[in-house]
$ cat coords.tsv   # TSV, C-alpha atoms
chain	number	residue	atom	x	y	z
A	251	MET	CA	-36.51	-43.45	59.89
A	252	GLU	CA	-37.97	-43.17	56.41
A	253	CYS	CA	-37.04	-46.06	54.11
A	254	VAL	CA	-36.38	-44.95	50.55
A	255	LYS	CA	-37.31	-47.67	48.07
A	256	LYS	CA	-34.88	-48.17	45.23
A	257	VAL	CA	-33.70	-50.80	42.82
A	258	TYR	CA	-30.32	-52.33	43.63
A	259	ASN	CA	-27.99	-53.50	40.89
A	260	VAL	CA	-26.59	-56.94	41.64
A	261	GLY	CA	-23.98	-58.96	39.80
A	262	LEU	CA	-24.30	-62.73	39.75
A	263	ILE	CA	-21.58	-65.16	38.70
A	264	ARG	CA	-22.47	-68.62	37.41
A	265	VAL	CA	-19.61	-71.08	37.85
A	266	VAL	CA	-20.57	-73.15	34.83
A	267	THR	CA	-19.99	-72.04	31.24
A	268	LEU	CA	-23.35	-71.41	29.57
A	269	THR	CA	-24.09	-70.23	26.05
A	270	ASP	CA	-27.86	-70.39	26.42
A	271	GLU	CA	-28.96	-66.93	27.61
A	272	LYS	CA	-32.07	-68.32	29.28
A	273	LEU	CA	-30.05	-70.76	31.37
A	274	LEU	CA	-27.42	-68.13	32.12
A	275	ASN	CA	-30.03	-65.72	33.48
A	276	LEU	CA	-32.19	-68.32	35.24
A	277	HIS	CA	-30.82	-67.75	38.74
A	278	GLY	CA	-31.03	-64.00	38.32
A	279	ASP	CA	-34.58	-64.28	37.02
A	280	LEU	CA	-35.58	-66.31	40.08
A	281	ILE	CA	-34.08	-63.72	42.40
A	282	GLU	CA	-35.82	-60.86	40.59
A	283	LYS	CA	-39.12	-62.76	40.79
A	284	TYR	CA	-39.02	-63.04	44.57
A	285	TYR	CA	-37.03	-59.88	45.32
A	286	PRO	CA	-38.25	-57.32	42.76
A	287	MET	CA	-36.08	-54.55	44.23
A	288	LEU	CA	-33.01	-56.40	42.97
A	289	LYS	CA	-31.93	-56.03	39.34
A	290	VAL	CA	-29.59	-58.91	38.51
A	291	THR	CA	-27.03	-59.12	35.73
A	292	SER	CA	-25.49	-62.57	35.24
A	293	LYS	CA	-22.14	-63.62	33.85
A	294	CYS	CA	-20.39	-66.99	33.72
A	295	ILE	CA	-16.80	-68.15	33.86
A	296	PRO	CA	-15.19	-69.54	30.67
A	297	ASP	CA	-14.09	-73.05	29.77
A	298	GLN	CA	-15.95	-74.97	32.48
A	299	PRO	CA	-18.93	-76.61	30.75
A	300	TYR	CA	-19.43	-78.99	33.70
A	301	GLY	CA	-19.02	-76.32	36.36
A	302	ILE	CA	-17.51	-77.04	39.77
A	303	HIS	CA	-17.95	-80.54	41.17
A	304	ASP	CA	-14.71	-81.35	43.02
A	305	ASP	CA	-11.58	-79.76	44.49
A	306	GLU	CA	-9.78	-79.71	41.15
A	307	THR	CA	-12.52	-77.92	39.25
A	308	GLU	CA	-12.91	-75.44	42.11
A	309	GLU	CA	-9.19	-74.67	42.12
A	310	VAL	CA	-9.31	-73.94	38.40
A	311	ALA	CA	-12.45	-71.80	38.75
A	312	VAL	CA	-11.40	-69.51	41.61
A	313	PRO	CA	-9.02	-67.22	39.63
A	314	LYS	CA	-11.60	-67.01	36.84
A	315	ILE	CA	-14.27	-65.91	39.32
A	316	ILE	CA	-11.98	-63.30	40.84
A	317	GLU	CA	-11.03	-61.88	37.45
A	318	LEU	CA	-14.66	-61.70	36.35
A	319	ALA	CA	-15.72	-60.05	39.60
A	320	LYS	CA	-13.01	-57.38	39.45
A	321	GLU	CA	-14.22	-56.31	35.99
A	322	TRP	CA	-17.69	-55.46	37.30
A	323	LYS	CA	-18.57	-51.81	37.81
A	324	ASP	CA	-21.46	-49.99	39.47
A	325	ILE	CA	-23.09	-52.87	41.36
A	326	ASP	CA	-24.39	-52.81	44.92
A	327	ALA	CA	-23.63	-56.46	45.70
A	328	LEU	CA	-22.14	-59.56	44.11
A	329	ILE	CA	-23.49	-63.12	44.29
A	330	ILE	CA	-21.38	-66.21	43.68
A	331	SER	CA	-24.16	-68.62	42.75
A	332	CYS	CA	-22.46	-71.82	43.84
A	333	ALA	CA	-22.98	-73.80	47.04
A	334	GLY	CA	-19.24	-74.25	47.46
A	335	ASP	CA	-18.80	-70.46	47.79
A	336	PRO	CA	-15.68	-70.43	45.59
A	337	ALA	CA	-13.67	-67.18	45.83
A	338	VAL	CA	-16.15	-65.62	48.28
A	339	LYS	CA	-13.55	-65.23	51.01
A	340	GLU	CA	-10.98	-63.78	48.61
A	341	LEU	CA	-13.43	-61.34	47.03
A	342	ARG	CA	-14.60	-60.03	50.40
A	343	GLU	CA	-11.02	-58.89	50.95
A	344	ILE	CA	-10.76	-57.31	47.49
A	345	LEU	CA	-14.14	-55.65	46.88
A	346	ASP	CA	-15.85	-52.91	48.86
A	347	ILE	CA	-19.34	-54.29	48.27
A	348	PRO	CA	-21.13	-57.24	49.90
A	349	VAL	CA	-20.18	-60.62	48.42
A	350	ILE	CA	-22.77	-63.33	48.99
A	351	GLY	CA	-22.23	-67.07	48.61
A	352	ALA	CA	-25.04	-69.53	48.01
A	353	GLY	CA	-23.65	-72.11	50.43
A	354	GLU	CA	-23.24	-69.81	53.41
A	355	SER	CA	-26.70	-68.32	52.80
A	356	THR	CA	-28.38	-71.73	52.57
A	357	ALA	CA	-26.71	-73.13	55.67
A	358	LEU	CA	-27.53	-70.08	57.79
A	359	LEU	CA	-31.16	-70.16	56.70
A	360	ALA	CA	-31.42	-73.92	57.31
A	361	LYS	CA	-30.66	-73.43	61.02
A	362	ARG	CA	-33.96	-71.57	61.29
A	363	TYR	CA	-35.88	-74.76	60.48
A	364	GLY	CA	-34.24	-77.61	62.37
A	365	ARG	CA	-31.26	-79.12	64.15
A	366	VAL	CA	-30.60	-82.22	62.04
A	367	PHE	CA	-29.67	-81.63	58.42
A	368	GLY	CA	-29.71	-83.73	55.28
A	369	VAL	CA	-27.40	-81.78	52.99
A	370	LEU	CA	-28.22	-82.68	49.40
A	371	GLY	CA	-25.83	-81.85	46.58
A	372	ILE	CA	-23.46	-83.41	44.05
A	373	THR	CA	-20.38	-84.07	46.19
A	374	GLU	CA	-19.98	-86.84	48.78
A	375	GLU	CA	-18.94	-84.40	51.49
A	376	ALA	CA	-21.06	-81.37	52.27
A	377	PRO	CA	-19.46	-78.08	51.14
A	378	ARG	CA	-17.30	-76.26	53.69
A	379	ALA	CA	-19.85	-73.61	54.70
A	380	TYR	CA	-22.46	-76.25	55.50
A	381	ARG	CA	-20.05	-78.20	57.72
A	382	GLU	CA	-18.80	-75.09	59.51
A	383	ILE	CA	-22.22	-73.53	60.09
A	384	LEU	CA	-24.35	-76.62	60.68
A	385	GLY	CA	-21.70	-78.77	62.38
A	386	ASP	CA	-20.56	-82.18	61.14
A	387	ASP	CA	-22.33	-83.97	63.99
A	388	ASN	CA	-25.66	-82.48	62.92
A	389	ILE	CA	-25.43	-83.62	59.28
A	390	VAL	CA	-26.77	-87.09	58.43
A	391	GLY	CA	-25.74	-89.24	55.49
A	392	SER	CA	-23.65	-88.19	52.53
A	393	ALA	CA	-24.44	-85.20	50.35
A	394	ASP	CA	-24.05	-86.81	46.94
A	395	VAL	CA	-26.74	-88.24	44.69
A	396	PRO	CA	-25.74	-91.57	43.08
A	397	GLY	CA	-25.46	-91.15	39.33
A	398	ILE	CA	-25.13	-87.35	39.52
A	399	VAL	CA	-21.60	-86.11	38.89
A	400	SER	CA	-22.12	-82.51	37.79
A	401	THR	CA	-24.85	-79.90	37.64
A	402	ILE	CA	-25.47	-80.86	34.01
A	403	ASP	CA	-26.57	-84.35	35.11
A	404	LEU	CA	-29.41	-82.79	37.08
A	405	MET	CA	-31.00	-81.66	33.83
A	406	GLU	CA	-31.20	-85.22	32.49
A	407	GLU	CA	-34.57	-86.95	32.46
A	408	THR	CA	-33.71	-89.19	35.40
A	409	GLY	CA	-32.04	-86.42	37.41
A	410	ARG	CA	-35.15	-85.44	39.35
A	411	GLU	CA	-35.97	-89.03	40.27
A	412	LYS	CA	-32.47	-89.58	41.67
A	413	VAL	CA	-32.63	-86.39	43.73
A	414	ILE	CA	-36.06	-87.26	45.16
A	415	HIS	CA	-34.87	-90.76	46.07
A	416	LYS	CA	-31.84	-89.36	47.90
A	417	ALA	CA	-33.94	-86.79	49.75
A	418	LEU	CA	-36.22	-89.53	51.07
A	419	GLU	CA	-33.16	-91.47	52.24
A	420	LEU	CA	-31.91	-88.43	54.17
A	421	LYS	CA	-35.29	-88.02	55.83
A	422	LYS	CA	-35.21	-91.67	56.93
A	423	LEU	CA	-31.82	-90.98	58.50
A	424	GLY	CA	-33.46	-88.31	60.66
A	425	ALA	CA	-33.08	-85.11	58.67
A	426	GLN	CA	-35.42	-82.38	59.90
A	427	VAL	CA	-34.53	-80.01	57.07
A	428	ILE	CA	-32.82	-80.43	53.70
A	429	PRO	CA	-30.45	-77.62	52.67
A	430	LEU	CA	-29.73	-78.05	48.97
A	431	ALA	CA	-26.00	-77.93	48.28
A	432	CYS	CA	-25.99	-77.34	44.54
A	433	THR	CA	-27.51	-74.33	42.81
A	434	GLY	CA	-28.30	-76.66	39.92
A	435	MET	CA	-31.14	-77.90	42.14
A	436	ALA	CA	-32.64	-74.43	41.78
A	437	THR	CA	-32.08	-74.57	38.02
A	438	ILE	CA	-34.40	-77.59	37.83
A	439	GLY	CA	-36.77	-76.05	40.41
A	440	ILE	CA	-36.99	-79.10	42.63
A	441	ALA	CA	-37.20	-77.63	46.15
A	442	LYS	CA	-40.98	-77.36	46.29
A	443	GLU	CA	-41.43	-80.90	44.97
A	444	LEU	CA	-39.02	-82.24	47.59
A	445	GLU	CA	-40.97	-80.49	50.34
A	446	GLU	CA	-44.20	-82.05	49.11
A	447	VAL	CA	-42.67	-85.52	48.98
A	448	CYS	CA	-40.59	-85.41	52.16
A	449	LYS	CA	-42.89	-83.22	54.28
A	450	ILE	CA	-39.94	-81.29	55.75
A	451	PRO	CA	-38.46	-77.87	54.89
A	452	VAL	CA	-36.14	-77.74	51.87
A	453	ILE	CA	-33.89	-74.70	51.43
A	454	ASP	CA	-33.34	-73.52	47.86
A	455	PRO	CA	-29.83	-72.01	47.53
A	456	VAL	CA	-30.76	-69.39	44.93
A	457	ILE	CA	-33.72	-68.13	46.94
A	458	ALA	CA	-31.45	-68.10	50.02
A	459	GLU	CA	-28.67	-66.13	48.32
A	460	GLY	CA	-31.26	-63.65	47.06
A	461	LEU	CA	-32.62	-63.14	50.57
A	462	PHE	CA	-29.20	-62.39	52.05
A	463	THR	CA	-28.33	-60.13	49.13
A	464	TYR	CA	-31.50	-58.13	49.61
A	465	TYR	CA	-30.73	-57.66	53.30
A	466	GLU	CA	-27.17	-56.58	52.57
A	467	CYS	CA	-28.49	-53.97	50.15
A	468	ILE	CA	-31.20	-52.49	52.36
A	469	ARG	CA	-29.04	-52.40	55.49
A	470	LYS	CA	-27.20	-49.49	53.88
A	471	GLN	CA	-30.35	-47.42	54.52
A	472	TYR	CA	-30.22	-47.82	58.31

$ encode --input "coords.tsv" --output "structure tokens"
Amino acid sequence: MECVKKVYNVGLIRVVTLTDEKLLNLHGDLIEKYYPMLKVTSKCIPDQPYGIHDDETEEVAVPKIIELAKEWKDIDALIISCAGDPAVKELREILDIPVIGAGESTALLAKRYGRVFGVLGITEEAPRAYREILGDDNIVGSADVPGIVSTIDLMEETGREKVIHKALELKKLGAQVIPLACTGMATIGIAKELEEVCKIPVIDPVIAEGLFTYYECIRKQY
């Protein structure tokens, strides 16, 4: 079967309110860099400058995400660029296009690289998709980084040091692979550095969501 190459239009929702266009488009730019057949347009939800970092902020964000997604026209797929996959389940029932969550994508990809997982994010408990896909018994330690409360904290000068320290702790606990559980980790581009320091695979959630989005788009050509 002949494969017709084309560019796919993808919508991407950031779950943190951003006024800086460069930051807003950063995840989309990363995806376009590694998957050039995807053309990504990014939007963000309003009135959440610290994003989603607990149950309360997720509950507030979900209707905003759904409203923003329903306004989108003429896209081949939609990415919710958040490891908690907020509104992904709801949107899959509403929209007739693939809806991809960062958390589900990262967890599924992590299983390719090991059986013991050090989930690394900004909440004490690993997000739901990680627990369901990887299994609670296969996750070591807690997912949170001491001193990091929201994705904004990751951009502080000491943010990288705290993340690296936590990653090394997870490796000592037996982690064979580290699935990152906050897309803010991709914003600061720390996955490669963690791999170099820890000497084990580290799964970047934005690269993972891009991979699954690309597959969902090309499978339409089968």

$ residues_around --input "coords.tsv" --residues "Leu328 in chain A" --least-positions-apart "2" --cutoff "10 Å" --atoms "all atoms listed in the file" --output "list in words"
Asn259, Val260, Gly261, Leu262, Ile263, Val290, Thr291, Ser292, Ala319, Trp322, Ile325, Asp326, Ile330, Ser331, Val338, Leu341, Arg342, Leu345, Ile347, Pro348, Val349, Ile350, Gly351 and Thr463 of chain A

$ atom_distance --input "coords.tsv" --atom1 "CA of Pro429 in chain A" --atom2 "CA of Leu276 in chain A"
19.8 Å

$ closest_residue --input "coords.tsv" --among "A:Lys256, A:Lys470, A:Arg264, A:Lys422" --to "Tyr300 in chain A" --atoms "all atoms listed in the file"
A:Arg264

$ atom_distance --input "coords.tsv" --atom1 "CA of Leu358 in chain A" --atom2 "CA of Val427 in chain A"
12.2 Å

$ residues_around --input "coords.tsv" --residues "Val413 in chain A" --least-positions-apart "3" --cutoff "10 Å" --atoms "all atoms listed in the file" --output "number ranges by chain"
A: 370-372, 394-398, 404, 408-410, 416-419, 435, 440, 444

$ residues_around --input "coords.tsv" --residues "Asp305 in chain A" --least-positions-apart "6" --cutoff "12 Å" --atoms "only C-alpha atoms" --output "PyMOL selection string"
chain A and resi 311-312+334+336+373-375+377-378

$ atom_distance --input "coords.tsv" --atom1 "CA of Tyr258 in chain A" --atom2 "CA of Tyr363 in chain A"
28.6 Å

$ residues_around --input "coords.tsv" --residues "Gly353 in chain A" --least-positions-apart "3" --cutoff "9 Å" --atoms "only C-alpha atoms" --output "PyMOL selection string"
chain A and resi 331-335+350+356-358+377-380+430-433+455+458-459

$ write_last_selection --input "coords.tsv" --atoms "C-alpha atoms" --output "tab-separated table (two decimals), keeping the file's coordinate frame"
chain	number	residue	atom	x	y	z
A	331	SER	CA	-24.16	-68.62	42.75
A	332	CYS	CA	-22.46	-71.82	43.84
A	333	ALA	CA	-22.98	-73.80	47.04
A	334	GLY	CA	-19.24	-74.25	47.46
A	335	ASP	CA	-18.80	-70.46	47.79
A	350	ILE	CA	-22.77	-63.33	48.99
A	356	THR	CA	-28.38	-71.73	52.57
A	357	ALA	CA	-26.71	-73.13	55.67
A	358	LEU	CA	-27.53	-70.08	57.79
A	377	PRO	CA	-19.46	-78.08	51.14
A	378	ARG	CA	-17.30	-76.26	53.69
A	379	ALA	CA	-19.85	-73.61	54.70
A	380	TYR	CA	-22.46	-76.25	55.50
A	430	LEU	CA	-29.73	-78.05	48.97
A	431	ALA	CA	-26.00	-77.93	48.28
A	432	CYS	CA	-25.99	-77.34	44.54
A	433	THR	CA	-27.51	-74.33	42.81
A	455	PRO	CA	-29.83	-72.01	47.53
A	458	ALA	CA	-31.45	-68.10	50.02
A	459	GLU	CA	-28.67	-66.13	48.32

$ axis_aligned_box --input "coords.tsv" --around "range 398-415 of chain A" --padding-each-side "5 Å" --output "lines of an AutoDock Vina configuration file"
center_x = -28.8
center_y = -85.3
center_z = 39.3
size_x = 24.5
size_y = 20.9
size_z = 23.6

$ residues_around --input "coords.tsv" --residues "Lys361 in chain A" --least-positions-apart "2" --cutoff "12 Å" --atoms "only C-alpha atoms" --output "list in words"
Glu354, Ser355, Thr356, Ala357, Leu358, Leu359, Tyr363, Gly364, Arg365, Val366, Phe367, Gly368, Tyr380, Ile383, Leu384, Gly385, Asn388, Ile389, Gln426, Val427, Ile428, Pro429, Pro451, Val452 and Ile453 of chain A

$ closest_residue --input "coords.tsv" --among "A:Tyr465, A:Leu423, A:Val266, A:Ser400" --to "Asp297 in chain A" --atoms "all atoms listed in the file"
A:Val266

$ closest_residue --input "coords.tsv" --among "A:Ile329, A:Cys294, A:Ile438, A:Cys448" --to "Ile402 in chain A" --atoms "all atoms listed in the file"
A:Ile438

$ closest_residue --input "coords.tsv" --among "A:Cys467, A:Ala352, A:Val369, A:Val399" --to "Ala425 in chain A" --atoms "all atoms listed in the file"
A:Val369

$ closest_residue --input "coords.tsv" --among "A:Ala360, A:Ala393, A:Leu274, A:Ile468" --to "Val257 in chain A" --atoms "all atoms listed in the file"
A:Ile468

$ closest_residue --input "coords.tsv" --among "A:Arg469, A:Thr267, A:Ile302, A:Leu461" --to "Glu282 in chain A" --atoms "all atoms listed in the file"
A:Leu461

$ decode --input "coords.tsv" --residues "range 342-363 of chain A" --atoms "N, CA and C atoms" --output "PDB file, in the first residue's frame"
ATOM      1  N   ARG A 342     -12.615  12.271  24.583  1.00  0.00           N
ATOM      2  CA  ARG A 342     -12.680  11.123  23.672  1.00  0.00           C
ATOM      3  C   ARG A 342     -14.128  10.719  23.396  1.00  0.00           C
ATOM      4  N   GLU A 343     -15.010  11.054  24.311  1.00  0.00           N
ATOM      5  CA  GLU A 343     -16.431  10.767  24.116  1.00  0.00           C
ATOM      6  C   GLU A 343     -17.130  11.877  23.332  1.00  0.00           C
ATOM      7  N   ILE A 344     -16.537  13.052  23.287  1.00  0.00           N
ATOM      8  CA  ILE A 344     -17.155  14.208  22.644  1.00  0.00           C
ATOM      9  C   ILE A 344     -16.660  14.403  21.213  1.00  0.00           C
ATOM     10  N   LEU A 345     -15.348  14.268  21.007  1.00  0.00           N
ATOM     11  CA  LEU A 345     -14.728  14.577  19.721  1.00  0.00           C
ATOM     12  C   LEU A 345     -14.599  13.338  18.844  1.00  0.00           C
ATOM     13  N   ASP A 346     -14.544  13.556  17.542  1.00  0.00           N
ATOM     14  CA  ASP A 346     -14.394  12.444  16.607  1.00  0.00           C
ATOM     15  C   ASP A 346     -12.983  12.373  16.034  1.00  0.00           C
ATOM     16  N   ILE A 347     -12.032  12.918  16.785  1.00  0.00           N
ATOM     17  CA  ILE A 347     -10.620  12.843  16.409  1.00  0.00           C
ATOM     18  C   ILE A 347      -9.849  12.231  17.580  1.00  0.00           C
ATOM     19  N   PRO A 348      -8.645  11.717  17.334  1.00  0.00           N
ATOM     20  CA  PRO A 348      -7.856  11.172  18.440  1.00  0.00           C
ATOM     21  C   PRO A 348      -7.524  12.250  19.467  1.00  0.00           C
ATOM     22  N   VAL A 349      -7.648  11.888  20.742  1.00  0.00           N
ATOM     23  CA  VAL A 349      -7.263  12.772  21.843  1.00  0.00           C
ATOM     24  C   VAL A 349      -6.151  12.071  22.607  1.00  0.00           C
ATOM     25  N   ILE A 350      -5.004  12.712  22.695  1.00  0.00           N
ATOM     26  CA  ILE A 350      -3.814  12.091  23.276  1.00  0.00           C
ATOM     27  C   ILE A 350      -3.438  12.800  24.563  1.00  0.00           C
ATOM     28  N   GLY A 351      -3.209  12.024  25.613  1.00  0.00           N
ATOM     29  CA  GLY A 351      -2.758  12.579  26.889  1.00  0.00           C
ATOM     30  C   GLY A 351      -1.294  12.280  27.116  1.00  0.00           C
ATOM     31  N   ALA A 352      -0.591  13.231  27.715  1.00  0.00           N
ATOM     32  CA  ALA A 352       0.842  13.055  27.961  1.00  0.00           C
ATOM     33  C   ALA A 352       1.113  11.917  28.932  1.00  0.00           C
ATOM     34  N   GLY A 353       0.278  11.793  29.964  1.00  0.00           N
ATOM     35  CA  GLY A 353       0.522  10.767  30.976  1.00  0.00           C
ATOM     36  C   GLY A 353       0.394   9.357  30.437  1.00  0.00           C
ATOM     37  N   GLU A 354      -0.712   9.099  29.760  1.00  0.00           N
ATOM     38  CA  GLU A 354      -0.940   7.779  29.176  1.00  0.00           C
ATOM     39  C   GLU A 354       0.186   7.423  28.203  1.00  0.00           C
ATOM     40  N   SER A 355       0.573   8.375  27.369  1.00  0.00           N
ATOM     41  CA  SER A 355       1.631   8.143  26.378  1.00  0.00           C
ATOM     42  C   SER A 355       2.956   7.800  27.052  1.00  0.00           C
ATOM     43  N   THR A 356       3.304   8.545  28.087  1.00  0.00           N
ATOM     44  CA  THR A 356       4.571   8.338  28.786  1.00  0.00           C
ATOM     45  C   THR A 356       4.609   6.987  29.478  1.00  0.00           C
ATOM     46  N   ALA A 357       3.523   6.643  30.157  1.00  0.00           N
ATOM     47  CA  ALA A 357       3.479   5.373  30.878  1.00  0.00           C
ATOM     48  C   ALA A 357       3.561   4.184  29.923  1.00  0.00           C
ATOM     49  N   LEU A 358       2.834   4.244  28.822  1.00  0.00           N
ATOM     50  CA  LEU A 358       2.871   3.153  27.856  1.00  0.00           C
ATOM     51  C   LEU A 358       4.267   2.981  27.271  1.00  0.00           C
ATOM     52  N   LEU A 359       4.924   4.081  26.975  1.00  0.00           N
ATOM     53  CA  LEU A 359       6.263   4.015  26.398  1.00  0.00           C
ATOM     54  C   LEU A 359       7.274   3.517  27.426  1.00  0.00           C
ATOM     55  N   ALA A 360       7.077   3.883  28.691  1.00  0.00           N
ATOM     56  CA  ALA A 360       8.011   3.468  29.744  1.00  0.00           C
ATOM     57  C   ALA A 360       8.076   1.950  29.882  1.00  0.00           C
ATOM     58  N   LYS A 361       6.972   1.266  29.629  1.00  0.00           N
ATOM     59  CA  LYS A 361       6.944  -0.196  29.766  1.00  0.00           C
ATOM     60  C   LYS A 361       7.869  -0.878  28.765  1.00  0.00           C
ATOM     61  N   ARG A 362       8.240  -0.168  27.731  1.00  0.00           N
ATOM     62  CA  ARG A 362       9.168  -0.705  26.731  1.00  0.00           C
ATOM     63  C   ARG A 362      10.584  -0.838  27.297  1.00  0.00           C
ATOM     64  N   TYR A 363      10.881  -0.082  28.367  1.00  0.00           N
ATOM     65  CA  TYR A 363      12.265   0.041  28.821  1.00  0.00           C
ATOM     66  C   TYR A 363      12.567  -0.588  30.176  1.00  0.00           C
TER      67      TYR A 363
END
